[in-house]
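Engineer: Please find one structure pasted underneath; my questions will follow.
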Amino acid sequence: MDNVYAITEVVGSSKNSIEEAVGNALQTASQTLRNLEWFEVTQIRGHVENGKVGHYQVGVKLGMRYERG
């Protein structure tokens with residue numbers, strides 16, 4: 001089907017993993033955005049605390065399908 005998408009970018013974070021950071025971003029965004037259909041990880045970074053990973057930060061592009069009128 002011929003769809004049209006809007007793209008927005010968010011950053012998710014987690015103390016545990018990159019995957020959880022992505023999940024946190026998707027879960028939070030899906031509470032206010034409709035028709036989320038895909039995501040793309042654009043950045044992976046983190047915060048260092050005492051020489052160890054303090055938390056992960058993941059930039060995520062979200063594709064939202066426009067509704068046809």
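FYI, nothing fancy with the structure tokens labels: chains A, B, ... in order, residues from 1 per chain, ligands from 1 as they appear.
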Name all residues at most 12 Å from Gly59 in chain A (count only C-alpha atoms; drop same-chain ones fewer than 4 positions away) and give them as a list of chain:residue names.
Structural biologist: A:Thr8, A:Glu9, A:Val10, A:Val11, A:Gly12, A:Ser13, A:Ile18, A:Glu19, A:Ala21, A:Val22, A:Gly23, A:Asn24, A:Ala25, A:Leu26, A:Phe39, A:Glu40, A:Val41, A:Thr42, A:Gln43, A:Ile44, A:Arg45, A:Gly46
Engineer: Keeping only N, CA, C and O atoms, write the selected residues as a PDB file, in the first residue's frame.
Structural biologist:
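Below you can see again-v9.pdb, which holds the result:
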ATOM      1  N   THR A   8       9.770  11.588  13.494  1.00  0.00           N
ATOM      2  CA  THR A   8      10.198  12.371  14.646  1.00  0.00           C
ATOM      3  C   THR A   8      11.343  11.621  15.315  1.00  0.00           C
ATOM      4  O   THR A   8      11.512  10.428  15.092  1.00  0.00           O
ATOM      5  N   GLU A   9      12.129  12.322  16.091  1.00  0.00           N
ATOM      6  CA  GLU A   9      13.260  11.672  16.751  1.00  0.00           C
ATOM      7  C   GLU A   9      13.180  11.890  18.253  1.00  0.00           C
ATOM      8  O   GLU A   9      12.875  12.982  18.719  1.00  0.00           O
ATOM      9  N   VAL A  10      13.444  10.830  18.999  1.00  0.00           N
ATOM     10  CA  VAL A  10      13.450  10.878  20.458  1.00  0.00           C
ATOM     11  C   VAL A  10      14.728  10.216  20.962  1.00  0.00           C
ATOM     12  O   VAL A  10      15.429   9.547  20.208  1.00  0.00           O
ATOM     13  N   VAL A  11      15.016  10.406  22.235  1.00  0.00           N
ATOM     14  CA  VAL A  11      16.154   9.744  22.873  1.00  0.00           C
ATOM     15  C   VAL A  11      15.634   8.987  24.081  1.00  0.00           C
ATOM     16  O   VAL A  11      15.000   9.562  24.963  1.00  0.00           O
ATOM     17  N   GLY A  12      15.884   7.680  24.097  1.00  0.00           N
ATOM     18  CA  GLY A  12      15.510   6.845  25.235  1.00  0.00           C
ATOM     19  C   GLY A  12      16.743   6.551  26.064  1.00  0.00           C
ATOM     20  O   GLY A  12      17.863   6.547  25.553  1.00  0.00           O
ATOM     21  N   SER A  13      16.551   6.277  27.343  1.00  0.00           N
ATOM     22  CA  SER A  13      17.691   5.960  28.196  1.00  0.00           C
ATOM     23  C   SER A  13      17.350   4.792  29.114  1.00  0.00           C
ATOM     24  O   SER A  13      16.186   4.486  29.355  1.00  0.00           O
ATOM     25  N   ILE A  18      20.998  -1.205  25.980  1.00  0.00           N
ATOM     26  CA  ILE A  18      20.600  -0.462  24.791  1.00  0.00           C
ATOM     27  C   ILE A  18      19.181  -0.849  24.395  1.00  0.00           C
ATOM     28  O   ILE A  18      18.362  -0.001  24.053  1.00  0.00           O
ATOM     29  N   GLU A  19      18.883  -2.139  24.430  1.00  0.00           N
ATOM     30  CA  GLU A  19      17.551  -2.614  24.061  1.00  0.00           C
ATOM     31  C   GLU A  19      16.466  -2.007  24.950  1.00  0.00           C
ATOM     32  O   GLU A  19      15.403  -1.615  24.474  1.00  0.00           O
ATOM     33  N   ALA A  21      16.692   0.841  26.512  1.00  0.00           N
ATOM     34  CA  ALA A  21      16.610   2.263  26.175  1.00  0.00           C
ATOM     35  C   ALA A  21      15.705   2.470  24.959  1.00  0.00           C
ATOM     36  O   ALA A  21      14.882   3.388  24.938  1.00  0.00           O
ATOM     37  N   VAL A  22      15.834   1.602  23.947  1.00  0.00           N
ATOM     38  CA  VAL A  22      14.947   1.670  22.779  1.00  0.00           C
ATOM     39  C   VAL A  22      13.506   1.418  23.220  1.00  0.00           C
ATOM     40  O   VAL A  22      12.590   2.143  22.837  1.00  0.00           O
ATOM     41  N   GLY A  23      13.300   0.383  24.030  1.00  0.00           N
ATOM     42  CA  GLY A  23      11.962   0.065  24.520  1.00  0.00           C
ATOM     43  C   GLY A  23      11.343   1.198  25.309  1.00  0.00           C
ATOM     44  O   GLY A  23      10.146   1.490  25.150  1.00  0.00           O
ATOM     45  N   ASN A  24      12.138   1.867  26.136  1.00  0.00           N
ATOM     46  CA  ASN A  24      11.633   3.014  26.907  1.00  0.00           C
ATOM     47  C   ASN A  24      11.200   4.143  25.982  1.00  0.00           C
ATOM     48  O   ASN A  24      10.168   4.783  26.204  1.00  0.00           O
ATOM     49  N   ALA A  25      11.981   4.397  24.937  1.00  0.00           N
ATOM     50  CA  ALA A  25      11.628   5.444  23.970  1.00  0.00           C
ATOM     51  C   ALA A  25      10.316   5.102  23.274  1.00  0.00           C
ATOM     52  O   ALA A  25       9.422   5.951  23.151  1.00  0.00           O
ATOM     53  N   LEU A  26      10.181   3.860  22.807  1.00  0.00           N
ATOM     54  CA  LEU A  26       8.971   3.452  22.094  1.00  0.00           C
ATOM     55  C   LEU A  26       7.749   3.467  23.004  1.00  0.00           C
ATOM     56  O   LEU A  26       6.685   3.941  22.609  1.00  0.00           O
ATOM     57  N   PHE A  39      10.863   2.016  13.559  1.00  0.00           N
ATOM     58  CA  PHE A  39      11.877   2.825  14.234  1.00  0.00           C
ATOM     59  C   PHE A  39      13.237   2.534  13.622  1.00  0.00           C
ATOM     60  O   PHE A  39      13.454   1.494  13.011  1.00  0.00           O
ATOM     61  N   GLU A  40      14.141   3.481  13.810  1.00  0.00           N
ATOM     62  CA  GLU A  40      15.517   3.348  13.337  1.00  0.00           C
ATOM     63  C   GLU A  40      16.437   3.918  14.417  1.00  0.00           C
ATOM     64  O   GLU A  40      16.268   5.070  14.835  1.00  0.00           O
ATOM     65  N   VAL A  41      17.370   3.123  14.893  1.00  0.00           N
ATOM     66  CA  VAL A  41      18.342   3.609  15.866  1.00  0.00           C
ATOM     67  C   VAL A  41      19.375   4.449  15.120  1.00  0.00           C
ATOM     68  O   VAL A  41      20.009   3.975  14.184  1.00  0.00           O
ATOM     69  N   THR A  42      19.511   5.701  15.524  1.00  0.00           N
ATOM     70  CA  THR A  42      20.413   6.624  14.828  1.00  0.00           C
ATOM     71  C   THR A  42      21.678   6.937  15.615  1.00  0.00           C
ATOM     72  O   THR A  42      22.676   7.334  15.035  1.00  0.00           O
ATOM     73  N   GLN A  43      21.606   6.777  16.931  1.00  0.00           N
ATOM     74  CA  GLN A  43      22.749   7.099  17.784  1.00  0.00           C
ATOM     75  C   GLN A  43      22.760   6.175  18.991  1.00  0.00           C
ATOM     76  O   GLN A  43      21.705   5.811  19.504  1.00  0.00           O
ATOM     77  N   ILE A  44      23.951   5.818  19.404  1.00  0.00           N
ATOM     78  CA  ILE A  44      24.117   5.091  20.662  1.00  0.00           C
ATOM     79  C   ILE A  44      25.208   5.805  21.439  1.00  0.00           C
ATOM     80  O   ILE A  44      26.300   6.027  20.923  1.00  0.00           O
ATOM     81  N   ARG A  45      24.892   6.197  22.646  1.00  0.00           N
ATOM     82  CA  ARG A  45      25.884   6.852  23.498  1.00  0.00           C
ATOM     83  C   ARG A  45      25.552   6.511  24.939  1.00  0.00           C
ATOM     84  O   ARG A  45      24.568   5.844  25.217  1.00  0.00           O
ATOM     85  N   GLY A  46      26.363   6.966  25.828  1.00  0.00           N
ATOM     86  CA  GLY A  46      26.099   6.676  27.235  1.00  0.00           C
ATOM     87  C   GLY A  46      26.793   7.647  28.151  1.00  0.00           C
ATOM     88  O   GLY A  46      27.547   8.516  27.726  1.00  0.00           O
TER      89      GLY A  46
END
Engineer: How would you write, as a list in words, the set of residues in chain A that DSSP gives as alpha helix (DSSP H)?
Structural biologist: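 For chain A, the alpha helix (DSSP H) set is Ile18, Glu19, Glu20, Ala21, Val22, Gly23, Asn24, Ala25, Leu26, Gln27, Thr28 and Ala29 of chain A.
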Engineer: Using N, CA and C atoms, can you export the residues from the last selection as a PDB file, in the first residue's frame?
Structural biologist:
ATOM      1  N   ILE A  18      20.998  -1.205  25.980  1.00  0.00           N
ATOM      2  CA  ILE A  18      20.600  -0.462  24.791  1.00  0.00           C
ATOM      3  C   ILE A  18      19.181  -0.849  24.395  1.00  0.00           C
ATOM      4  N   GLU A  19      18.883  -2.139  24.430  1.00  0.00           N
ATOM      5  CA  GLU A  19      17.551  -2.614  24.061  1.00  0.00           C
ATOM      6  C   GLU A  19      16.466  -2.007  24.950  1.00  0.00           C
ATOM      7  N   GLU A  20      16.749  -1.926  26.235  1.00  0.00           N
ATOM      8  CA  GLU A  20      15.775  -1.332  27.156  1.00  0.00           C
ATOM      9  C   GLU A  20      15.622   0.159  26.880  1.00  0.00           C
ATOM     10  N   ALA A  21      16.692   0.841  26.512  1.00  0.00           N
ATOM     11  CA  ALA A  21      16.610   2.263  26.175  1.00  0.00           C
ATOM     12  C   ALA A  21      15.705   2.470  24.959  1.00  0.00           C
ATOM     13  N   VAL A  22      15.834   1.602  23.947  1.00  0.00           N
ATOM     14  CA  VAL A  22      14.947   1.670  22.779  1.00  0.00           C
ATOM     15  C   VAL A  22      13.506   1.418  23.220  1.00  0.00           C
ATOM     16  N   GLY A  23      13.300   0.383  24.030  1.00  0.00           N
ATOM     17  CA  GLY A  23      11.962   0.065  24.520  1.00  0.00           C
ATOM     18  C   GLY A  23      11.343   1.198  25.309  1.00  0.00           C
ATOM     19  N   ASN A  24      12.138   1.867  26.136  1.00  0.00           N
ATOM     20  CA  ASN A  24      11.633   3.014  26.907  1.00  0.00           C
ATOM     21  C   ASN A  24      11.200   4.143  25.982  1.00  0.00           C
ATOM     22  N   ALA A  25      11.981   4.397  24.937  1.00  0.00           N
ATOM     23  CA  ALA A  25      11.628   5.444  23.970  1.00  0.00           C
ATOM     24  C   ALA A  25      10.316   5.102  23.274  1.00  0.00           C
ATOM     25  N   LEU A  26      10.181   3.860  22.807  1.00  0.00           N
ATOM     26  CA  LEU A  26       8.971   3.452  22.094  1.00  0.00           C
ATOM     27  C   LEU A  26       7.749   3.467  23.004  1.00  0.00           C
ATOM     28  N   GLN A  27       7.900   2.954  24.198  1.00  0.00           N
ATOM     29  CA  GLN A  27       6.764   2.896  25.127  1.00  0.00           C
ATOM     30  C   GLN A  27       6.256   4.290  25.468  1.00  0.00           C
ATOM     31  N   THR A  28       7.167   5.201  25.754  1.00  0.00           N
ATOM     32  CA  THR A  28       6.760   6.557  26.110  1.00  0.00           C
ATOM     33  C   THR A  28       6.153   7.282  24.913  1.00  0.00           C
ATOM     34  N   ALA A  29       6.783   7.181  23.749  1.00  0.00           N
ATOM     35  CA  ALA A  29       6.273   7.865  22.561  1.00  0.00           C
ATOM     36  C   ALA A  29       4.901   7.333  22.153  1.00  0.00           C
TER      37      ALA A  29
END
Engineer: Counting only C-alpha atoms, figure out which residue out of A:Arg68, A:Ser17, A:Tyr5, A:Asn50 gets nearest to Glu37 in chain A.
Structural biologist: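 For Glu37 in chain A, the nearest of the given residues is A:Tyr5.
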Engineer: Would you mind writing down, as number ranges by chain, each residue of chain A that DSSP on the backbone assigns to strand (DSSP E or B)?
Structural biologist: A: 5-14, 36-49, 52-65
Engineer: Between CA of His55 in chain A and CA of Asn16 in chain A, what distance in Å does the model show, to one decimal?
Structural biologist: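 CA of His55 in chain A sits 6.9 Å away from CA of Asn16 in chain A.
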Engineer: List the spatial neighbours of Leu36 in chain A as a tab-separated table (two decimals) with N, CA, C and O atoms, in the first residue's frame - criterion: any atom at most 7 Å away, only C-alpha atoms, same-chain residues fewer than 5 positions off excluded.
Structural biologist:
chain	number	residue	atom	x	y	z
A	30	SER	N	4.68	6.05	22.30
A	30	SER	CA	3.41	5.45	21.88
A	30	SER	C	2.24	5.89	22.75
A	30	SER	O	1.08	5.71	22.36
A	62	LEU	N	11.36	7.72	14.70
A	62	LEU	CA	10.08	7.02	14.70
A	62	LEU	C	9.29	7.39	13.46
A	62	LEU	O	9.16	8.57	13.13
A	63	GLY	N	8.77	6.38	12.77
A	63	GLY	CA	7.93	6.62	11.60
A	63	GLY	C	6.46	6.45	11.96
A	63	GLY	O	6.05	5.40	12.48
A	64	MET	N	5.70	7.51	11.70
A	64	MET	CA	4.26	7.50	12.00
A	64	MET	C	3.49	7.63	10.69
A	64	MET	O	3.72	8.56	9.92
A	65	ARG	N	2.60	6.69	10.45
A	65	ARG	CA	1.82	6.68	9.21
A	65	ARG	C	0.68	7.69	9.30
A	65	ARG	O	-0.06	7.75	10.28
Engineer: If you measure from CA of Arg34 in chain A to CA of Val4 in chain A, what distance in Å do you get, rounded to one decimal?
Structural biologist: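 That distance, rounded to one decimal, is 13.6 Å.
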